[in-house]
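Peer 1: My structure is below; once you've seen it, I'll send some questions.
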Amino acid sequence: MEIDPMQRSVRLSVRELAIFRNHPTPRGHGHSPWRAAVGQQWHQTAAEETLAAESAASIETTVQCIWRHRGWDFHLNGRVDQLIPDGLALRIREVKTIRSPLPAPEETLLSQYPEYFAQVSIYKALLGVMPDYASQALQAEVQFINIENGARQSVELGPEEHALFPTQLDELLRFLEERRSRCLRLNAAQIAPAFPSLRPGQAELFTTLSESALRAKVVLLQAPTGFGKTGIVLEHALKHMQSGLYERCIYLSSKSTGQIETIRQLQQMVGEDLRFIQMRNRQEHRIESPHHTCTGDGRCDEASAQNWPSADIYPPELFDGGTVSVEQARSIGAAKGVCPYALTKACLPFAEVWIGDSNYVFSPDSQAVFKDAPGFNPTRTLLVVDEAHNLPERTADSLSVEIKAGECLFAIEELRDAGAPRRLLSIGSELVRWLEGLPAERPLDANAIYTGLDLCEEFTEQLQQANLDYAAVAPFALDLVWQIPRLAPCLAAPPHAYLNWVPQSGVLHATCLDASDWIRQCLAPFGGAILMSATLQPCSAFAESCGLSREGTSLAIGKAPWRDGAYDVAIDRRVDTRLRTRANSYETTARTVAHCAHASPGTPIVVFFSSYQYADNVLAYAEAAHPELRIQRQPRGGHLDERSRFIEESLLTADAIFLILGSSYAEGIDQLGGRVELIMIVGPALPEVNLIQKTKVEQHASLSAEDAFRDVYIRPAMRRIHQALGRIVRAPGQNARVLLHGKRFAEAAYRNELAPEYQTGRYIESEAQLEAWLAEP
C-alpha cells in the first residue's frame with residue numbers, strides 16, 4: 001500500500017483493500033509456504049477445468065482502475081481468477097481454498113471468510129465501470145475448494161454482499177484520514193535540535209551524514225560511544241520525514257539501553273508531536289487475567305481478533321504522551337480481554353517511529369510483525385540499525401536451525417493424535433532414526449546430507465497434502481514440525497553458507513556461516529538505511545558481511561578530538577592468559593587487581609574477563625590473599641533494571657567490579673563513563689575454538705592462515721574490548737587509565753587491531769614497573 005496523504009491518493013491491490021481492518025487480524029487462512037503451494041495447485045486445476053468447460057473463459061485477468069471515494073483517489077489493481085461467459089452475462093469467479101468441510105451453510109462461509117466476498121465484490125464494481133465490461137450484465141461468486149478432498153461449493157453474491165466494497169472503502173478511509181492528520185501534524189511540528197550545543201566533531205558528522213546519504217542508499221556510520229550518534233541520526237531522520245522524503249523511521253537496537261536512549265532523545269526533540277511505538281517481545285506483554293490469558297503464540301492473535309469489536313478499541317485513541325507503553329497495553333488487555341502483544345502491533349500503523357530489536361527486520365521468524373502492518377511501505381521508510389557490528393552474527397543465529405530427535409518424536413506423536421496420515425508419520429519416524437544415527441561432534445558427510453535432504457523434502461511434500469486438524473496439535477509440536485521444511489534449504493546450501501553438524505548425539509544444528517545475502521535482501525526494499533556503531537572498522541569487511549557493495553554504500557565517520565590523550569594505556573607482559581596456561585598466573589592476576597584497587601582509593605576499578613569461570617578463579621585467589629578487598633562479580637543474565645542496580649550499588653560499595661567482555665554489562669551499560677578511572681582487561685576474549693570457528697577459518701577467502709585467524713578470532717575479540725573501553729570515556733574531560741593484562745596484547749597481530757587511542761609503547765615487565773605506572777599522576 002502506497003499512501004500520498006497530501007494528494008489524498010492511495011495505491012493498493014484489491015486483496016489489500018478486501019482484507020483491511022482497523023483492528024488485529026490473524027495472518028490469514030493457511031499462511032504457511034506449503035499451504036500456499038497447495039492452494040496454487042488447486043487454482044491451476046480449477047482453471048484447467050473451467051477452460052475445458054468454456055474455452056472463451058479468461059484466467060487471471062488483470063484489472064486496474066482509479067476509484068474516487070469521498071475526496072480520495074483509490075488506485076486499485078488485481079487479477080480476477082476467472083471470467084466466464086454465462087449466456088448474456090459474464091460471471092466473475094474468485095477461487096478460494098479452505099480446510100473447512102464442504103458443503104457448508106452459506107451464512108457460515110460469509111461469516112468465516114468475509115474478505116473473500118469483499119474481494120469479488122470489489123472486482124464486480126470495478127469491472128462495472130471499465131469500458132470493456134460496462135455493457136455486460138455481471139454476476140459474481142466465490143468458489144470454495146476443500147484442499148483435503150477437492151469438494152466444491154460456489155456462493156453467489158447477494159445484494160448485501162455487494163455493499164462490502166463501499167464498506168471496505170470507508171474502513172480504509174478512516175485509516176487514511178488519520179494518516180493525513182499525522183502528516184500535517186508532523187509538518188507543523190517544531191523539531192528541537194538534538195543537542196543544546198555541539199561538542200567538537202558533532203557538527204562535522206551532521207554534514208558528513210547528509211552528504212553520505214545523498215551518495216548512497218546505505219550509510220555506514222561510525223563514531224565513538226558517547227559521541228551522540230543517536231541524536232544526530234534522529235535529527236537527520238526527523239528532518240527528512242518532515243520534508244516528505246520518508247514517512248516513517250524504524251530504529252533497531254539489540255540493546256535495551258539503546259532503545260531507552262532513543263526514546264529519551266526522541267521525546268526531548270519532538271515531545272508529543274510525533275507518535276512512536278517500542279515493540280517489545282511477546283513474553284514482556286504476557287498477562288493472566290479473568291478476561292484474557294496469553295498463550296504466547298498465534299492463538300492469542302485469533303482470540304484478540306474475535307474480542308476486538310466488543311472491546312471497542314481504536315488504536316489512535318490509546319496513545320498517551322506520544323506512545324502506547326507495554327504497561328499500558330497490559331492494563332488495557334487485561335481490562336478488555338485482548339492480547340497486549342496484539343494490541344501493540346495494532347498500534348504500529350498509527351506511529352511514525354518504530355523502535356525495536358533487529359529481529360523485527362532481519363529474523364524470518366519475527367519480520368512479519370513489521371512487514372504485515374497495514375500501510376507499511378519500506379520504500380518510504382528510513383531504517384536505522386544501532387549496534388550494527390552485531391548484525392551479521394545475530395542474523396546468522398536467526399537463520400540457523402536446530403532439530404532434536406527426542407523433540408521430533410514427541411511432535412510426531414502429537415501429529416498422530418491429530419489424525420495425520422500414515423505416510424507423513426512414517427517419514428517423520430524415519431527422520432528421527434536418521435537423526436539418532438548421526439555421529440556426534442562431526443559435520444555431516446555428503447551421504448548424510450543427501451539422505452537428510454530427501455527426508456526433509458518428502459516430509460514437506462506430505463505435510464502440504466496432509467488432511468490434518470491443526471487446531472488439535474499443540475503449538476510447540478507445530479513449531480517443531482515447521483522446522484523440518486526450514487532445514488531442507490540449509491542442507492541444500494553450499495558449504496560456505498551453512499555448517500550442518502552434530503554437536504551432541506541426536507541433535508542436528510544447521511549453523512549459518514554467512515548471512516550476507518539475506519541481510520542484503522532485507523535491506524533492499526528500504527528507501528534508506530543507516531548502519532551505525534562505534535566499532536564497524538574495518539568498514540570494508542563489515543560491508544561485505546552484510547552483502548553490500550562498495551558502490552551501494554557510503555561512509556560517515558565521526559571523530560572525537562576530545563578522546564585524543566584521554567586514555568593512558570600500558571601493556572602487562574608478565575602473564576599468559578591463554579586457556580591452557582592462564583592457571584599459572586591466577587595469583588599474579590589477583591595480586592595485580594589488588595595493586596590497582598589500592599592505587600584507586602574511593603573509586604572502584606573495573607576488571608574485564610573473557611569468561612565467568614576465569615573471573616571466578618581469579619576472584620577466589622583475590623578473596624583468599626586480599627580479604628580486605630570488596631569485589632563484585634556481575635551476575636548472569638538479569639533484566640535491564642537489575643543490571644543497572646548492580647552497577648550503581650557496586651560503584652558505591654566495591655573496590656573492584658568484575659565484568660565479562662561481550663556481555664550486556666560490558667556492552668549495554670553506559671553508567672561507567674566518568675565514574676571510574678582505572679580499567680584492567682584480562683586477556684582478549686577470543687571466540688570459543690569449536691567446529692564452527694574451525695570451518696570459518698578453513699573456508700576463509702584468504703589463502704593466508706594469519707589473515708583467516710585474524711578475521712575469525714582476533715577482530716571479534718578486539719571489538720569486544722573496544723566496546724567495553726568506549727563506555728569508560730564518554731564526554732570531554734573524562735580520562736581513564738587502562739592496563740592490558742596479558743602478553744598477547746604486545747604481539748603485532750593483536751596490537752595492530754587496537755584503535756589509535758589505545759596504542760601505547762608502555763610495557764609492564766615486573767611488579768615494580770606496575771607500581772611505578774600506578775603511582776604516576
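Chain labels run A, B, ... following the order of the C-alpha cells; each chain numbers its residues from 1, and ligands are numbered from 1 in the order shown.
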Leaving out Ala194 of chain A and any residue of its chain fewer than 6 positions from it, which residues lie within 7 Å of it when counting only C-alpha atoms, given as number ranges by chain?
Peer 2: A: 231-232, 235, 269
Peer 1: Output N, CA, C and O atoms for every residue in the selection just made, as a PDB file, in the first residue's frame.
Peer 2:
ATOM      1  N   GLY A 231      21.312  10.987  18.732  1.00  0.00           N
ATOM      2  CA  GLY A 231      20.713  12.300  18.493  1.00  0.00           C
ATOM      3  C   GLY A 231      20.946  12.793  17.077  1.00  0.00           C
ATOM      4  O   GLY A 231      20.041  13.349  16.438  1.00  0.00           O
ATOM      5  N   ILE A 232      22.156  12.602  16.567  1.00  0.00           N
ATOM      6  CA  ILE A 232      22.482  13.064  15.215  1.00  0.00           C
ATOM      7  C   ILE A 232      21.633  12.336  14.180  1.00  0.00           C
ATOM      8  O   ILE A 232      21.058  12.965  13.267  1.00  0.00           O
ATOM      9  N   GLU A 235      17.863  13.399  14.434  1.00  0.00           N
ATOM     10  CA  GLU A 235      17.620  14.722  13.842  1.00  0.00           C
ATOM     11  C   GLU A 235      17.634  14.632  12.324  1.00  0.00           C
ATOM     12  O   GLU A 235      16.788  15.231  11.638  1.00  0.00           O
ATOM     13  N   MET A 269      13.167  15.854  21.595  1.00  0.00           N
ATOM     14  CA  MET A 269      13.220  16.611  20.347  1.00  0.00           C
ATOM     15  C   MET A 269      11.839  16.979  19.809  1.00  0.00           C
ATOM     16  O   MET A 269      11.670  18.034  19.199  1.00  0.00           O
TER      17      MET A 269
END
Peer 1: Give me, as a list in words, all polymer residues having an atom no more than 7 Å from segment 153-169 of chain A, counting only C-alpha atoms and skipping those fewer than 5 positions away in the same chain.
Peer 2: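 Skipping anything fewer than 5 positions along the chain leaves Leu17, Ala18, Leu102, Pro103, Glu106, Phe117, Ala118, Ser121, Ile122, Ala140, Glu141, Val142, Gln143, Phe144 and Ile145 of chain A.
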Peer 1: Just write the chosen residues, all heavy atoms, as an mmCIF file, in the first residue's frame.
Peer 2:
data_model
loop_
_atom_site.group_PDB
_atom_site.id
_atom_site.type_symbol
_atom_site.label_atom_id
_atom_site.label_comp_id
_atom_site.auth_asym_id
_atom_site.auth_seq_id
_atom_site.Cartn_x
_atom_site.Cartn_y
_atom_site.Cartn_z
ATOM 1 N N LEU A 17 -7.221 -4.184 -0.078
ATOM 2 C CA LEU A 17 -8.434 -3.486 0.324
ATOM 3 C C LEU A 17 -9.430 -4.448 0.964
ATOM 4 O O LEU A 17 -10.074 -4.123 1.969
ATOM 5 C CB LEU A 17 -9.071 -2.796 -0.882
ATOM 6 C CG LEU A 17 -10.403 -2.073 -0.639
ATOM 7 C CD1 LEU A 17 -10.247 -1.006 0.443
ATOM 8 C CD2 LEU A 17 -10.934 -1.461 -1.939
ATOM 9 N N ALA A 18 -9.541 -5.657 0.400
ATOM 10 C CA ALA A 18 -10.522 -6.612 0.897
ATOM 11 C C ALA A 18 -10.202 -7.085 2.311
ATOM 12 O O ALA A 18 -11.115 -7.315 3.113
ATOM 13 C CB ALA A 18 -10.599 -7.815 -0.050
ATOM 14 N N LEU A 102 -16.974 -29.087 3.299
ATOM 15 C CA LEU A 102 -17.970 -28.593 2.345
ATOM 16 C C LEU A 102 -18.884 -29.745 1.951
ATOM 17 O O LEU A 102 -18.451 -30.900 1.900
ATOM 18 C CB LEU A 102 -17.272 -28.024 1.103
ATOM 19 C CG LEU A 102 -16.404 -26.777 1.297
ATOM 20 C CD1 LEU A 102 -15.677 -26.417 0.001
ATOM 21 C CD2 LEU A 102 -17.235 -25.589 1.772
ATOM 22 N N PRO A 103 -20.177 -29.464 1.652
ATOM 23 C CA PRO A 103 -20.817 -28.137 1.655
ATOM 24 C C PRO A 103 -21.069 -27.634 3.068
ATOM 25 O O PRO A 103 -21.118 -28.398 4.018
ATOM 26 C CB PRO A 103 -22.127 -28.383 0.910
ATOM 27 C CG PRO A 103 -22.429 -29.829 1.191
ATOM 28 C CD PRO A 103 -21.109 -30.534 1.247
ATOM 29 N N GLU A 106 -24.344 -21.227 3.643
ATOM 30 C CA GLU A 106 -23.763 -20.022 3.040
ATOM 31 C C GLU A 106 -23.489 -18.944 4.079
ATOM 32 O O GLU A 106 -22.479 -18.236 3.996
ATOM 33 C CB GLU A 106 -24.694 -19.491 1.947
ATOM 34 C CG GLU A 106 -24.771 -20.398 0.733
ATOM 35 C CD GLU A 106 -25.531 -19.757 -0.417
ATOM 36 O OE1 GLU A 106 -25.991 -18.592 -0.254
ATOM 37 O OE2 GLU A 106 -25.656 -20.402 -1.476
ATOM 38 N N PHE A 117 -15.446 -12.583 0.022
ATOM 39 C CA PHE A 117 -16.627 -11.987 -0.616
ATOM 40 C C PHE A 117 -16.392 -10.503 -0.888
ATOM 41 O O PHE A 117 -16.873 -9.969 -1.894
ATOM 42 C CB PHE A 117 -17.854 -12.197 0.272
ATOM 43 C CG PHE A 117 -18.280 -13.625 0.355
ATOM 44 C CD1 PHE A 117 -17.829 -14.438 1.384
ATOM 45 C CD2 PHE A 117 -19.111 -14.176 -0.611
ATOM 46 C CE1 PHE A 117 -18.208 -15.768 1.458
ATOM 47 C CE2 PHE A 117 -19.495 -15.502 -0.543
ATOM 48 C CZ PHE A 117 -19.035 -16.305 0.490
ATOM 49 N N ALA A 118 -15.644 -9.838 -0.023
ATOM 50 C CA ALA A 118 -15.309 -8.437 -0.275
ATOM 51 C C ALA A 118 -14.472 -8.315 -1.546
ATOM 52 O O ALA A 118 -14.660 -7.396 -2.355
ATOM 53 C CB ALA A 118 -14.553 -7.849 0.916
ATOM 54 N N SER A 121 -16.611 -8.718 -4.578
ATOM 55 C CA SER A 121 -17.488 -7.547 -4.641
ATOM 56 C C SER A 121 -16.746 -6.355 -5.246
ATOM 57 O O SER A 121 -17.312 -5.604 -6.060
ATOM 58 C CB SER A 121 -17.996 -7.201 -3.241
ATOM 59 O OG SER A 121 -18.671 -5.962 -3.235
ATOM 60 N N ILE A 122 -15.486 -6.191 -4.869
ATOM 61 C CA ILE A 122 -14.682 -5.089 -5.422
ATOM 62 C C ILE A 122 -14.484 -5.288 -6.918
ATOM 63 O O ILE A 122 -14.639 -4.344 -7.711
ATOM 64 C CB ILE A 122 -13.329 -4.995 -4.687
ATOM 65 C CG1 ILE A 122 -13.543 -4.652 -3.210
ATOM 66 C CG2 ILE A 122 -12.424 -3.958 -5.349
ATOM 67 C CD1 ILE A 122 -12.293 -4.814 -2.360
ATOM 68 N N ALA A 140 -21.333 -12.393 -9.846
ATOM 69 C CA ALA A 140 -20.105 -12.648 -9.088
ATOM 70 C C ALA A 140 -20.328 -13.761 -8.087
ATOM 71 O O ALA A 140 -21.417 -13.881 -7.494
ATOM 72 C CB ALA A 140 -19.656 -11.380 -8.358
ATOM 73 N N GLU A 141 -19.279 -14.589 -7.900
ATOM 74 C CA GLU A 141 -19.378 -15.692 -6.967
ATOM 75 C C GLU A 141 -18.001 -16.037 -6.408
ATOM 76 O O GLU A 141 -16.966 -15.708 -7.007
ATOM 77 C CB GLU A 141 -19.985 -16.927 -7.632
ATOM 78 C CG GLU A 141 -19.071 -17.555 -8.675
ATOM 79 C CD GLU A 141 -19.675 -18.797 -9.328
ATOM 80 O OE1 GLU A 141 -20.916 -18.936 -9.287
ATOM 81 O OE2 GLU A 141 -18.896 -19.607 -9.879
ATOM 82 N N VAL A 142 -18.020 -16.673 -5.269
ATOM 83 C CA VAL A 142 -16.806 -17.248 -4.684
ATOM 84 C C VAL A 142 -16.951 -18.755 -4.754
ATOM 85 O O VAL A 142 -17.944 -19.315 -4.289
ATOM 86 C CB VAL A 142 -16.613 -16.807 -3.219
ATOM 87 C CG1 VAL A 142 -15.363 -17.466 -2.631
ATOM 88 C CG2 VAL A 142 -16.520 -15.299 -3.117
ATOM 89 N N GLN A 143 -15.942 -19.396 -5.363
ATOM 90 C CA GLN A 143 -15.939 -20.865 -5.415
ATOM 91 C C GLN A 143 -14.955 -21.383 -4.377
ATOM 92 O O GLN A 143 -13.752 -21.120 -4.448
ATOM 93 C CB GLN A 143 -15.548 -21.376 -6.805
ATOM 94 C CG GLN A 143 -15.613 -22.899 -6.896
ATOM 95 C CD GLN A 143 -15.169 -23.429 -8.244
ATOM 96 O OE1 GLN A 143 -13.977 -23.491 -8.512
ATOM 97 N NE2 GLN A 143 -16.132 -23.793 -9.096
ATOM 98 N N PHE A 144 -15.467 -22.107 -3.390
ATOM 99 C CA PHE A 144 -14.626 -22.680 -2.342
ATOM 100 C C PHE A 144 -14.216 -24.092 -2.746
ATOM 101 O O PHE A 144 -15.032 -24.860 -3.274
ATOM 102 C CB PHE A 144 -15.378 -22.726 -1.008
ATOM 103 C CG PHE A 144 -15.628 -21.365 -0.408
ATOM 104 C CD1 PHE A 144 -16.830 -20.701 -0.635
ATOM 105 C CD2 PHE A 144 -14.653 -20.749 0.366
ATOM 106 C CE1 PHE A 144 -17.061 -19.449 -0.080
ATOM 107 C CE2 PHE A 144 -14.875 -19.495 0.931
ATOM 108 C CZ PHE A 144 -16.080 -18.835 0.694
ATOM 109 N N ILE A 145 -12.956 -24.436 -2.475
ATOM 110 C CA ILE A 145 -12.452 -25.787 -2.725
ATOM 111 C C ILE A 145 -11.803 -26.288 -1.446
ATOM 112 O O ILE A 145 -10.917 -25.637 -0.891
ATOM 113 C CB ILE A 145 -11.422 -25.814 -3.874
ATOM 114 C CG1 ILE A 145 -12.015 -25.245 -5.156
ATOM 115 C CG2 ILE A 145 -10.914 -27.231 -4.095
ATOM 116 C CD1 ILE A 145 -11.030 -25.210 -6.319
#
Peer 1: Just the residues within 9 Å of Cys408 of chain A, please, counting only C-alpha atoms, with nothing from its chain fewer than 2 positions along; format it as a PyMOL selection string.
Peer 2: chain A and resi 403-406+410-413+428-429+431-432+477+480-481
Peer 1: Create the file for the chosen residues now, containing N, CA and C atoms and written as a PDB file, in the first residue's frame.
Peer 2:
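File produced: selection-v9.pdb:
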ATOM      1  N   ILE A 403      17.482 -29.157  15.188  1.00  0.00           N
ATOM      2  CA  ILE A 403      16.491 -30.223  15.256  1.00  0.00           C
ATOM      3  C   ILE A 403      16.987 -31.273  16.241  1.00  0.00           C
ATOM      4  N   LYS A 404      16.126 -31.616  17.228  1.00  0.00           N
ATOM      5  CA  LYS A 404      16.467 -32.637  18.210  1.00  0.00           C
ATOM      6  C   LYS A 404      15.581 -33.859  17.999  1.00  0.00           C
ATOM      7  N   ALA A 405      16.210 -35.026  17.972  1.00  0.00           N
ATOM      8  CA  ALA A 405      15.475 -36.257  17.695  1.00  0.00           C
ATOM      9  C   ALA A 405      14.372 -36.486  18.725  1.00  0.00           C
ATOM     10  N   GLY A 406      14.682 -36.272  20.009  1.00  0.00           N
ATOM     11  CA  GLY A 406      13.698 -36.508  21.050  1.00  0.00           C
ATOM     12  C   GLY A 406      12.480 -35.623  20.905  1.00  0.00           C
ATOM     13  N   PHE A 410       8.297 -36.507  19.975  1.00  0.00           N
ATOM     14  CA  PHE A 410       7.096 -36.007  20.657  1.00  0.00           C
ATOM     15  C   PHE A 410       6.157 -35.324  19.664  1.00  0.00           C
ATOM     16  N   ALA A 411       6.726 -34.525  18.741  1.00  0.00           N
ATOM     17  CA  ALA A 411       5.906 -33.807  17.764  1.00  0.00           C
ATOM     18  C   ALA A 411       5.173 -34.780  16.845  1.00  0.00           C
ATOM     19  N   ILE A 412       5.847 -35.866  16.462  1.00  0.00           N
ATOM     20  CA  ILE A 412       5.214 -36.860  15.584  1.00  0.00           C
ATOM     21  C   ILE A 412       4.051 -37.541  16.297  1.00  0.00           C
ATOM     22  N   GLU A 413       4.214 -37.794  17.582  1.00  0.00           N
ATOM     23  CA  GLU A 413       3.112 -38.383  18.342  1.00  0.00           C
ATOM     24  C   GLU A 413       1.932 -37.423  18.426  1.00  0.00           C
ATOM     25  N   GLY A 428       8.345 -39.083   9.114  1.00  0.00           N
ATOM     26  CA  GLY A 428       8.818 -38.416  10.320  1.00  0.00           C
ATOM     27  C   GLY A 428       9.590 -39.356  11.221  1.00  0.00           C
ATOM     28  N   SER A 429       9.102 -40.571  11.374  1.00  0.00           N
ATOM     29  CA  SER A 429       9.803 -41.556  12.202  1.00  0.00           C
ATOM     30  C   SER A 429      11.144 -41.924  11.593  1.00  0.00           C
ATOM     31  N   LEU A 431      12.935 -39.944   9.802  1.00  0.00           N
ATOM     32  CA  LEU A 431      13.797 -38.779  10.027  1.00  0.00           C
ATOM     33  C   LEU A 431      14.389 -38.825  11.438  1.00  0.00           C
ATOM     34  N   VAL A 432      13.575 -39.230  12.426  1.00  0.00           N
ATOM     35  CA  VAL A 432      14.076 -39.341  13.800  1.00  0.00           C
ATOM     36  C   VAL A 432      15.179 -40.384  13.881  1.00  0.00           C
ATOM     37  N   ALA A 477       4.410 -28.484  19.146  1.00  0.00           N
ATOM     38  CA  ALA A 477       4.621 -29.529  18.144  1.00  0.00           C
ATOM     39  C   ALA A 477       4.603 -28.948  16.733  1.00  0.00           C
ATOM     40  N   LEU A 480       7.889 -27.287  16.019  1.00  0.00           N
ATOM     41  CA  LEU A 480       8.933 -28.261  15.699  1.00  0.00           C
ATOM     42  C   LEU A 480       8.759 -28.823  14.291  1.00  0.00           C
ATOM     43  N   VAL A 481       7.524 -29.126  13.938  1.00  0.00           N
ATOM     44  CA  VAL A 481       7.255 -29.680  12.609  1.00  0.00           C
ATOM     45  C   VAL A 481       7.655 -28.690  11.520  1.00  0.00           C
TER      46      VAL A 481
END
Peer 1: Which residue out of A:Pro364, A:Pro485, A:Gly258, A:Pro443 has the minimum interatomic distance to Leu499 of chain A when only C-alpha atoms are used?
Peer 2: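 With only C-alpha atoms as the atom set, the closest residue is A:Pro443.
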Peer 1: Could you pull out all residues of segment 303-526 of chain A with a DSSP call of alpha helix (DSSP H) and give them as a PyMOL selection string?
Peer 2: chain A and resi 303-311+326-336+340-347+359-362+368-371+391-399+405-417+422-436+446-465+475-492+516-523
Peer 1: Using DSSP on the backbone coordinates, identify all residues within segment 588-659 of chain A classified as strand (DSSP E or B); present the result as a ChimeraX atom specification.
Peer 2: /A:605-609,631-633,656-659
Peer 1: Show which residues sit within 9 Å of Arg486 of chain A, as a PyMOL selection string. Count only C-alpha atoms, and ignore same-chain residues fewer than 4 positions away.
Peer 2: chain A and resi 401+456+482+490
Peer 1: Keeping only all heavy atoms, write the selected residues as a short mmCIF file (atom, residue, chain, number, x, y, z; two decimals), in the first residue's frame.
Peer 2:
data_model
loop_
_atom_site.label_atom_id
_atom_site.label_comp_id
_atom_site.auth_asym_id
_atom_site.auth_seq_id
_atom_site.Cartn_x
_atom_site.Cartn_y
_atom_site.Cartn_z
N VAL A 401 19.19 -23.41 12.21
CA VAL A 401 18.09 -24.31 12.58
C VAL A 401 18.66 -25.45 13.43
O VAL A 401 19.71 -26.01 13.10
CB VAL A 401 17.40 -24.90 11.33
CG1 VAL A 401 16.30 -25.88 11.72
CG2 VAL A 401 16.83 -23.78 10.46
N CYS A 456 13.69 -34.58 4.44
CA CYS A 456 13.05 -33.28 4.72
C CYS A 456 12.13 -32.87 3.58
O CYS A 456 11.02 -32.37 3.82
CB CYS A 456 14.11 -32.21 4.97
SG CYS A 456 15.00 -32.39 6.53
N TRP A 482 7.36 -27.42 11.75
CA TRP A 482 7.67 -26.41 10.74
C TRP A 482 9.17 -26.15 10.61
O TRP A 482 9.61 -25.49 9.68
CB TRP A 482 6.94 -25.11 11.07
CG TRP A 482 5.45 -25.23 10.87
CD1 TRP A 482 4.79 -26.13 10.08
CD2 TRP A 482 4.43 -24.43 11.46
NE1 TRP A 482 3.44 -25.96 10.16
CE2 TRP A 482 3.18 -24.90 10.99
CE3 TRP A 482 4.44 -23.36 12.34
CZ2 TRP A 482 1.96 -24.34 11.37
CZ3 TRP A 482 3.23 -22.79 12.73
CH2 TRP A 482 2.01 -23.28 12.25
N CYS A 490 18.80 -25.47 4.23
CA CYS A 490 20.10 -25.43 4.91
C CYS A 490 20.97 -26.59 4.46
O CYS A 490 22.18 -26.44 4.23
CB CYS A 490 19.92 -25.48 6.43
SG CYS A 490 18.91 -24.15 7.12
#
Peer 1: Between A:Thr323, A:Ser310, A:Ser366, A:Gln699, single out the one closest to Asn281 of chain A, counting only C-alpha atoms.
Peer 2: A:Ser366
Peer 1: I'd like the contact shell of Leu220 of chain A - 9 Å cut-off, only C-alpha atoms, skipping same-chain residues fewer than 6 positions apart - returned as a short mmCIF file (atom, residue, chain, number, x, y, z; two decimals) with N, CA, C and O atoms, in the first residue's frame.
Peer 2:
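Just written: selection_28.cif:
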data_model
loop_
_atom_site.label_atom_id
_atom_site.label_comp_id
_atom_site.auth_asym_id
_atom_site.auth_seq_id
_atom_site.Cartn_x
_atom_site.Cartn_y
_atom_site.Cartn_z
N SER A 212 26.71 11.85 2.82
CA SER A 212 26.80 10.41 2.56
C SER A 212 25.45 9.84 2.15
O SER A 212 25.39 8.96 1.29
N ALA A 529 19.01 3.49 4.56
CA ALA A 529 19.41 2.73 5.74
C ALA A 529 20.70 3.32 6.29
O ALA A 529 21.59 3.72 5.54
N ILE A 530 20.77 3.38 7.62
CA ILE A 530 21.97 3.82 8.33
C ILE A 530 22.36 2.71 9.28
O ILE A 530 21.59 2.38 10.20
N LEU A 531 23.51 2.11 9.06
CA LEU A 531 24.04 1.08 9.94
C LEU A 531 25.15 1.72 10.77
O LEU A 531 26.16 2.15 10.21
N MET A 532 24.96 1.80 12.08
CA MET A 532 25.91 2.57 12.88
C MET A 532 26.40 1.80 14.09
O MET A 532 25.72 0.93 14.63
N SER A 533 27.61 2.14 14.50
CA SER A 533 28.24 1.51 15.65
C SER A 533 29.51 2.28 15.97
O SER A 533 29.99 3.08 15.16
N LEU A 536 32.71 -0.44 13.67
CA LEU A 536 32.46 -1.04 12.36
C LEU A 536 33.75 -1.40 11.64
O LEU A 536 33.75 -2.26 10.76
N CYS A 539 35.64 -1.16 7.80
CA CYS A 539 34.31 -0.99 7.22
C CYS A 539 34.10 -1.83 5.98
O CYS A 539 32.98 -2.28 5.70
N ALA A 543 30.96 -4.26 5.52
CA ALA A 543 30.04 -4.15 4.38
C ALA A 543 29.91 -5.49 3.66
O ALA A 543 28.81 -5.90 3.28
N THR A 553 27.23 1.75 -0.93
CA THR A 553 27.37 2.25 0.43
C THR A 553 28.25 3.49 0.46
O THR A 553 29.06 3.72 -0.44
N SER A 554 28.08 4.27 1.49
CA SER A 554 28.96 5.42 1.74
C SER A 554 29.29 5.45 3.22
O SER A 554 28.58 4.85 4.04
N LEU A 555 30.35 6.15 3.58
CA LEU A 555 30.83 6.18 4.96
C LEU A 555 30.57 7.54 5.59
O LEU A 555 30.68 8.57 4.92
N ALA A 556 30.25 7.51 6.87
CA ALA A 556 30.15 8.73 7.66
C ALA A 556 30.89 8.46 8.97
O ALA A 556 30.38 7.73 9.83
N ILE A 557 32.07 8.99 9.10
CA ILE A 557 32.92 8.72 10.26
C ILE A 557 32.95 9.95 11.17
O ILE A 557 33.28 11.05 10.73
#
Peer 1: Find the residues around segment 747-751 of chain A up to 10 Å (only C-alpha atoms counted), leave out those fewer than 4 positions away in its own chain, and share them as a ChimeraX atom specification.
Peer 2: /A:571,573,684,706-707,709-710,714-715,717-718,742-743,755,758-760
Peer 1: Could you name the residues that touch Glu247 of chain A at 12 Å or less, counting only C-alpha atoms, but leaving out those on the same chain fewer than 6 positions away, as a PyMOL selection string?
Peer 2: chain A and resi 2-6+179-180+182-184+186-187+237-241+274+349-354+375-383+526-528
Peer 1: Name the closest residue to Pro439 of chain A among the candidates A:Gly321, A:Ile147, A:Asn307, A:Trp501; distances are taken between atoms, counting only C-alpha atoms.
Peer 2: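 Under the stated criterion, the closest residue is A:Trp501.
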Peer 1: Looking at A:Leu348, A:Ala151, A:Val326, A:Ile98, which one is nearest to Phe276 of chain A, with distances taken over only C-alpha atoms?
Peer 2: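 Under the stated criterion, the closest residue is A:Leu348.
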Peer 1: Closest to Pro475 of chain A among A:Asn359, A:Thr50, A:Thr295, A:Asn735, using only C-alpha atoms?
Peer 2: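 Looking only at the distances to Pro475 of chain A, the closest residue turns out to be A:Thr295.
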Peer 1: When you count only C-alpha atoms, which of these residues is closest to Gln537 of chain A: A:His389, A:Lys96, A:Arg433, A:His598?
Peer 2: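 For Gln537 of chain A, the nearest of the candidates is A:His389.
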Peer 1: Give me, please, the distance in Å between atom CA of Val575 of chain A and atom CA of Thr588 of chain A, quoted to one decimal.
Peer 2: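 Rounded to one decimal, the two atoms are 7.6 Å apart.
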